[in-house]
Amino acid sequence: MTRGAAILPVAAMLAVALIAWKAIVVVGGLPVFILPPPEVVGARFVRAWTDGTIPPHFGATLQEVILGFLVGAGLALVIGYGLARSVLVGRLLSPYLVAAQATPILALAPLLALWFGAGLLSKVVICSLIVFFPVAVATMVGVRSVDANLLELGRSLRATRRQVVATLEIPAALPSILGGMRVGVTLAVVGAIVGEWAGADRGLGVLVNLARGSLFDIPLMFATLLTIALLGVVLYGLVVLTERRLVGPR
Amino acid sequence: MPSRRPLVAVLAALLAVAVGACSVGSSASPASTPLTVGLGFIPSVQFAPFYLAQQKDYYRDAGVEVTFQNKIDPDLVVLVGQGAIDVGLADGTSVIPAVSQGIPIRYLATVYRAFPSIVFAKESSGIKTAADLKGRKIGIPGRYGSSWIMLPALLQSAKLTTSDVQIVLYPDFGQLAAVEQGAVDAATGFINNEPVQLQLSGEPTVVLRVDQAVPLPGPGLISGTKTLSAKRAAVAGFVAATLKAMREIAANPDAGLDAAIVAVPDLGKDRTTQKAILSATIDAWTGGGSASGLGAIDRDGWTRSVAFMTGLGLVPNAVTVDQLVDESLLPKG
């Protein structure tokens, strides 16, 4: 399939969504403060990027997302491997990991902001927490699914532990790990926004609150939400590109 | 064969409850107009006039059937503009940017004559005036909302800006604990909350008010322009009944406290604190003066507030006081 043919359905879907959005506004007679039409949001999006409203907030959120993702995914790789290969680690950690995942991050975020302050650290912690679980589980599943015969072969060839991990387990688990990272990177964006809502000076989550609660600038709120959505799409795309480069298209 | 009598009895009981519920619902006067009224997020003693007017049938006598909803200010302003809520108690400082952005609402009656957002500190901090805040650590919940409008205004009165102080964020609204523990020198709060609690704990407290610098409009009753067209008489009746209850509570705070405890029984667990909060609330209604003229709107104050908030960049489209307030529903005389 050519690149143009691949983009066509995406563009057609976008056009349908924009027409439906506009139709809802026109048919419903909705004012801008309830649902601004797409062209108003588009114009506000361009203005907010060019007049310097969004860029500083975007920079703050991007920093939180990248750091949070790196820390969360890095820890998840280590713990996920431990869960796959050690019964003891699994028994010790599994209940707590599931319990942590089941606890709504929205409820935890204010506490984390209290413990770690309203600065970057609390956002990184919140992002890491939300990224951790899907990547850890994907790593565990990926490592456990490595063909036992391959591992046996490696041992029979007197491969060291490091060689088994680097040449057998990680390459074999990589598709699963990267699948977890696809989920994790989009959740990192959610984590950053939740962290900013719990208390921050800057960030796209702060701007959403300002636009909605102090400025009553609903088009700006939508423009910020669009920025958040685009950030998630771009980061997801980067993980997919990495995946294609490392394990080929899936 | 098992008896069906218990099942029949249960169905009969449910039917009786349903009929009873219907009869309660239909006991309202057929002439009364239903009004949905949005108050602050958490039911509290501050809303005593609304509870008293409801319990003493002032609203029903005015021809309105009131249902209360608790909402946070930004949601409330939009819902009132949309017409989903008929009347709300909202910050005057929210009305200015909201109308500037095209949200069709009007401010009908002042509830808090004094701007309730203040800066408070321990007396031992040595802070006596706004000028004393220079170089000090000030705790705030965030750079938004009424406190973030009040603080620059207060500092401006001493020729200071927010760059002249150290801002410390307390997103969990933990400013009171921060002041108590000495983590900050002063903090923003509400006249009827943090300073009252600090004083009650035995700590002599200083309160810095913004009113002398810029008379920012405090919370008041707002309504949407569509609602005002469709239910004008009912909204006027609601405003009058609420102001009547405010006057009654200003004269006899215990009546307000009792009404609040009936509406929110948990408030009765600490009557002393709630009475102190209500007393501070009454002071904020009257601006420290008399209860006469409750509800009146200070147009000059609104004009100065619009100019001040425009300077802060919060008013993107010019607005006039006529677009913001509507005094025609205030009781005459």
# chains A, B, ... in the order shown; residues from 1 in each chain; ligands from 1
>>> interface_residues(of="chain B", to="chain A", cutoff="7 Å", atoms="only C-alpha atoms", output="list in words")
Pro74, Ser94, Pro97, Ala98, Gln101, Ile103, Arg143, Tyr144, Gly145, Leu169, Pro171, Asp172 and Leu314 of chain B
>>> write_last_selection(atoms="C-alpha atoms", output="PDB file, in the first residue's frame")
ATOM      1  CA  PRO B  74     -16.791  27.375  37.035  1.00  0.00           C
ATOM      2  CA  SER B  94     -16.039  34.896  37.696  1.00  0.00           C
ATOM      3  CA  PRO B  97     -14.492  36.993  32.430  1.00  0.00           C
ATOM      4  CA  ALA B  98     -17.518  34.759  31.790  1.00  0.00           C
ATOM      5  CA  GLN B 101     -16.398  35.306  26.792  1.00  0.00           C
ATOM      6  CA  ILE B 103     -21.668  33.471  28.600  1.00  0.00           C
ATOM      7  CA  ARG B 143      -2.375  30.628  40.383  1.00  0.00           C
ATOM      8  CA  TYR B 144      -6.069  30.737  39.533  1.00  0.00           C
ATOM      9  CA  GLY B 145      -9.437  31.671  41.003  1.00  0.00           C
ATOM     10  CA  LEU B 169       1.703  26.312  46.249  1.00  0.00           C
ATOM     11  CA  PRO B 171      -2.886  22.556  45.843  1.00  0.00           C
ATOM     12  CA  ASP B 172      -4.584  20.531  48.574  1.00  0.00           C
ATOM     13  CA  LEU B 314      -8.659  38.206  32.278  1.00  0.00           C
TER      14      LEU B 314
END
>>> residues_around(residues="Lys128 (chain B)", least_positions_apart="2", cutoff="12 Å", atoms="only C-alpha atoms", output="PDB file with C-alpha atoms, in the first residue's frame")
ATOM      1  CA  VAL B 119      -4.587  37.062  53.238  1.00  0.00           C
ATOM      2  CA  PHE B 120      -4.175  35.851  56.813  1.00  0.00           C
ATOM      3  CA  ALA B 121      -1.170  35.459  59.097  1.00  0.00           C
ATOM      4  CA  LYS B 122      -0.288  34.904  62.724  1.00  0.00           C
ATOM      5  CA  GLU B 123      -0.059  38.173  64.622  1.00  0.00           C
ATOM      6  CA  SER B 124       3.391  37.025  65.769  1.00  0.00           C
ATOM      7  CA  SER B 125       4.587  37.167  62.125  1.00  0.00           C
ATOM      8  CA  GLY B 126       4.749  40.943  62.407  1.00  0.00           C
ATOM      9  CA  ALA B 130       0.088  44.622  52.714  1.00  0.00           C
ATOM     10  CA  ALA B 131       3.493  46.353  52.631  1.00  0.00           C
ATOM     11  CA  ASP B 132       4.734  43.904  55.283  1.00  0.00           C
ATOM     12  CA  LEU B 133       4.292  41.044  52.798  1.00  0.00           C
ATOM     13  CA  LYS B 134       7.395  42.104  50.843  1.00  0.00           C
ATOM     14  CA  ASP B 185       4.509  33.644  56.744  1.00  0.00           C
ATOM     15  CA  ALA B 186       0.991  34.221  55.396  1.00  0.00           C
ATOM     16  CA  THR B 205      -4.631  36.310  63.749  1.00  0.00           C
ATOM     17  CA  VAL B 206      -4.171  39.165  61.294  1.00  0.00           C
ATOM     18  CA  VAL B 207      -6.410  39.487  58.232  1.00  0.00           C
ATOM     19  CA  LEU B 208      -5.538  41.652  55.236  1.00  0.00           C
ATOM     20  CA  ARG B 209      -8.546  42.578  53.105  1.00  0.00           C
TER      21      ARG B 209
END
>>> residues_around(residues="Phe45 (chain A)", least_positions_apart="6", cutoff="8 Å", atoms="only C-alpha atoms", output="tab-separated table (two decimals) with N, CA and C atoms, in the first residue's frame")
chain	number	residue	atom	x	y	z
A	220	LEU	N	-10.20	27.81	23.93
A	220	LEU	CA	-8.83	27.54	24.38
A	220	LEU	C	-8.76	26.18	25.08
A	223	ALA	N	-8.69	23.70	22.40
A	223	ALA	CA	-7.39	23.74	21.71
A	223	ALA	C	-6.34	23.02	22.55
A	224	THR	N	-6.43	23.16	23.86
A	224	THR	CA	-5.47	22.49	24.75
A	224	THR	C	-5.72	20.98	24.75
>>> residues_around(residues="Arg113 (chain B)", least_positions_apart="5", cutoff="6 Å", atoms="only C-alpha atoms", output="PyMOL selection string")
chain B and resi 285-287
>>> residues_around(residues="Trp21 (chain A)", least_positions_apart="4", cutoff="9 Å", atoms="only C-alpha atoms", output="list of chain:residue names")
A:Val16, A:Ala17, A:Val25, A:Val26, A:Pro37, A:Pro38
>>> residues_around(residues="Gln46 (chain B)", least_positions_apart="3", cutoff="10 Å", atoms="only C-alpha atoms", output="PDB file with N, CA and C atoms, in the first residue's frame")
ATOM      1  N   LEU B  39     -25.570  26.069  44.602  1.00  0.00           N
ATOM      2  CA  LEU B  39     -24.770  26.675  45.676  1.00  0.00           C
ATOM      3  C   LEU B  39     -23.343  26.159  45.556  1.00  0.00           C
ATOM      4  N   GLY B  40     -22.485  26.478  46.497  1.00  0.00           N
ATOM      5  CA  GLY B  40     -21.086  26.035  46.465  1.00  0.00           C
ATOM      6  C   GLY B  40     -20.977  24.526  46.537  1.00  0.00           C
ATOM      7  N   ILE B  42     -19.647  22.332  48.595  1.00  0.00           N
ATOM      8  CA  ILE B  42     -19.925  21.557  49.815  1.00  0.00           C
ATOM      9  C   ILE B  42     -21.012  22.266  50.618  1.00  0.00           C
ATOM     10  N   PRO B  43     -22.083  21.548  50.963  1.00  0.00           N
ATOM     11  CA  PRO B  43     -23.115  22.166  51.811  1.00  0.00           C
ATOM     12  C   PRO B  43     -22.479  22.674  53.105  1.00  0.00           C
ATOM     13  N   PRO B  49     -28.865  31.205  54.789  1.00  0.00           N
ATOM     14  CA  PRO B  49     -30.073  31.922  54.340  1.00  0.00           C
ATOM     15  C   PRO B  49     -30.944  31.082  53.404  1.00  0.00           C
ATOM     16  N   PHE B  50     -30.295  30.298  52.559  1.00  0.00           N
ATOM     17  CA  PHE B  50     -31.056  29.479  51.615  1.00  0.00           C
ATOM     18  C   PHE B  50     -31.808  28.379  52.368  1.00  0.00           C
ATOM     19  N   TYR B  51     -31.116  27.796  53.348  1.00  0.00           N
ATOM     20  CA  TYR B  51     -31.770  26.735  54.136  1.00  0.00           C
ATOM     21  C   TYR B  51     -32.931  27.322  54.957  1.00  0.00           C
ATOM     22  N   ASN B 192     -14.235  33.669  56.181  1.00  0.00           N
ATOM     23  CA  ASN B 192     -15.075  32.899  57.102  1.00  0.00           C
ATOM     24  C   ASN B 192     -14.577  31.466  57.262  1.00  0.00           C
ATOM     25  N   ASN B 193     -13.304  31.227  56.974  1.00  0.00           N
ATOM     26  CA  ASN B 193     -12.798  29.864  57.127  1.00  0.00           C
ATOM     27  C   ASN B 193     -11.468  29.841  57.892  1.00  0.00           C
ATOM     28  N   GLY B 256     -30.091  31.067  61.909  1.00  0.00           N
ATOM     29  CA  GLY B 256     -29.389  30.578  60.719  1.00  0.00           C
ATOM     30  C   GLY B 256     -28.629  29.299  61.000  1.00  0.00           C
ATOM     31  N   LEU B 257     -27.992  29.269  62.177  1.00  0.00           N
ATOM     32  CA  LEU B 257     -27.221  28.078  62.541  1.00  0.00           C
ATOM     33  C   LEU B 257     -28.148  26.878  62.676  1.00  0.00           C
ATOM     34  N   ALA B 260     -29.172  25.668  59.296  1.00  0.00           N
ATOM     35  CA  ALA B 260     -28.078  24.966  58.610  1.00  0.00           C
ATOM     36  C   ALA B 260     -27.914  23.559  59.171  1.00  0.00           C
ATOM     37  N   GLN B 274     -18.984  26.323  64.009  1.00  0.00           N
ATOM     38  CA  GLN B 274     -19.951  26.713  62.972  1.00  0.00           C
ATOM     39  C   GLN B 274     -20.541  28.091  63.260  1.00  0.00           C
ATOM     40  N   ILE B 277     -17.970  30.602  62.249  1.00  0.00           N
ATOM     41  CA  ILE B 277     -17.925  30.724  60.778  1.00  0.00           C
ATOM     42  C   ILE B 277     -19.119  31.544  60.286  1.00  0.00           C
ATOM     43  N   LEU B 278     -20.294  31.269  60.866  1.00  0.00           N
ATOM     44  CA  LEU B 278     -21.490  32.022  60.447  1.00  0.00           C
ATOM     45  C   LEU B 278     -21.346  33.495  60.809  1.00  0.00           C
ATOM     46  N   SER B 279     -20.790  33.756  61.980  1.00  0.00           N
ATOM     47  CA  SER B 279     -20.608  35.153  62.417  1.00  0.00           C
ATOM     48  C   SER B 279     -19.687  35.894  61.431  1.00  0.00           C
ATOM     49  N   ALA B 280     -18.593  35.213  61.030  1.00  0.00           N
ATOM     50  CA  ALA B 280     -17.676  35.834  60.057  1.00  0.00           C
ATOM     51  C   ALA B 280     -18.359  35.996  58.702  1.00  0.00           C
ATOM     52  N   THR B 281     -19.229  35.044  58.384  1.00  0.00           N
ATOM     53  CA  THR B 281     -19.961  35.120  57.110  1.00  0.00           C
ATOM     54  C   THR B 281     -20.896  36.327  57.117  1.00  0.00           C
ATOM     55  N   ILE B 282     -21.578  36.515  58.245  1.00  0.00           N
ATOM     56  CA  ILE B 282     -22.503  37.660  58.348  1.00  0.00           C
ATOM     57  C   ILE B 282     -21.722  38.979  58.198  1.00  0.00           C
TER      58      ILE B 282
END
>>> closest_residue(among="A:Ile54, A:Ile79, A:Ile130, A:Ala11", to="Leu204 (chain A)", atoms="only C-alpha atoms")
A:Ile54
>>> select_by_dssp(residues="region 120-197 of chain B", states="strand (DSSP E)", output="list in words")
Phe120, Ala121, Lys122, Lys137, Ile138, Gly139, Ile140, Gln166, Ile167, Val168, Leu169, Ala186, Ala187, Thr188, Gly189 and Phe190 of chain B
>>> write_last_selection(atoms="C-alpha atoms", output="PDB file, in the first residue's frame")
ATOM      1  CA  PHE B 120      -4.175  35.851  56.813  1.00  0.00           C
ATOM      2  CA  ALA B 121      -1.170  35.459  59.097  1.00  0.00           C
ATOM      3  CA  LYS B 122      -0.288  34.904  62.724  1.00  0.00           C
ATOM      4  CA  LYS B 137       6.479  33.384  51.874  1.00  0.00           C
ATOM      5  CA  ILE B 138       2.792  33.306  50.947  1.00  0.00           C
ATOM      6  CA  GLY B 139       0.861  30.053  50.572  1.00  0.00           C
ATOM      7  CA  ILE B 140      -1.778  29.860  47.852  1.00  0.00           C
ATOM      8  CA  GLN B 166       7.667  34.072  47.533  1.00  0.00           C
ATOM      9  CA  ILE B 167       4.682  32.078  46.342  1.00  0.00           C
ATOM     10  CA  VAL B 168       4.355  28.568  47.787  1.00  0.00           C
ATOM     11  CA  LEU B 169       1.703  26.312  46.249  1.00  0.00           C
ATOM     12  CA  ALA B 186       0.991  34.221  55.396  1.00  0.00           C
ATOM     13  CA  ALA B 187      -1.527  32.570  53.091  1.00  0.00           C
ATOM     14  CA  THR B 188      -4.613  33.286  51.073  1.00  0.00           C
ATOM     15  CA  GLY B 189      -7.886  32.014  52.485  1.00  0.00           C
ATOM     16  CA  PHE B 190     -11.490  32.917  53.052  1.00  0.00           C
TER      17      PHE B 190
END
>>> select_by_dssp(residues="region 36-208 of chain A", states="alpha helix (DSSP H)", output="PyMOL selection string")
chain A and resi 38-50+55-85+87-102+105-116+120-144+148-156+161-163+170-197+204-208
>>> residues_around(residues="Thr242 (chain A)", least_positions_apart="6", cutoff="12 Å", atoms="only C-alpha atoms", output="list in words")
Leu174, Pro175, Ile177, Leu178, Gly179, Met181, Arg182, Leu235, Tyr236, Gly248, Pro249 and Arg250 of chain A
>>> write_last_selection(atoms="C-alpha atoms", output="tab-separated table (two decimals), in the first residue's frame")
chain	number	residue	atom	x	y	z
A	174	LEU	CA	10.36	-7.48	22.59
A	175	PRO	CA	7.05	-7.55	20.63
A	177	ILE	CA	7.20	-5.36	25.73
A	178	LEU	CA	6.70	-2.80	22.97
A	179	GLY	CA	2.97	-3.59	22.96
A	181	MET	CA	4.89	0.50	25.89
A	182	ARG	CA	2.27	1.54	23.32
A	235	LEU	CA	4.24	9.53	21.19
A	236	TYR	CA	2.26	6.40	20.29
A	248	GLY	CA	9.25	-5.38	11.94
A	249	PRO	CA	5.62	-4.44	11.13
A	250	ARG	CA	2.87	-6.20	13.12
>>> atom_distance(atom1="CA of Ala255 (chain B)", atom2="CA of Glu194 (chain B)")
23.5 Å
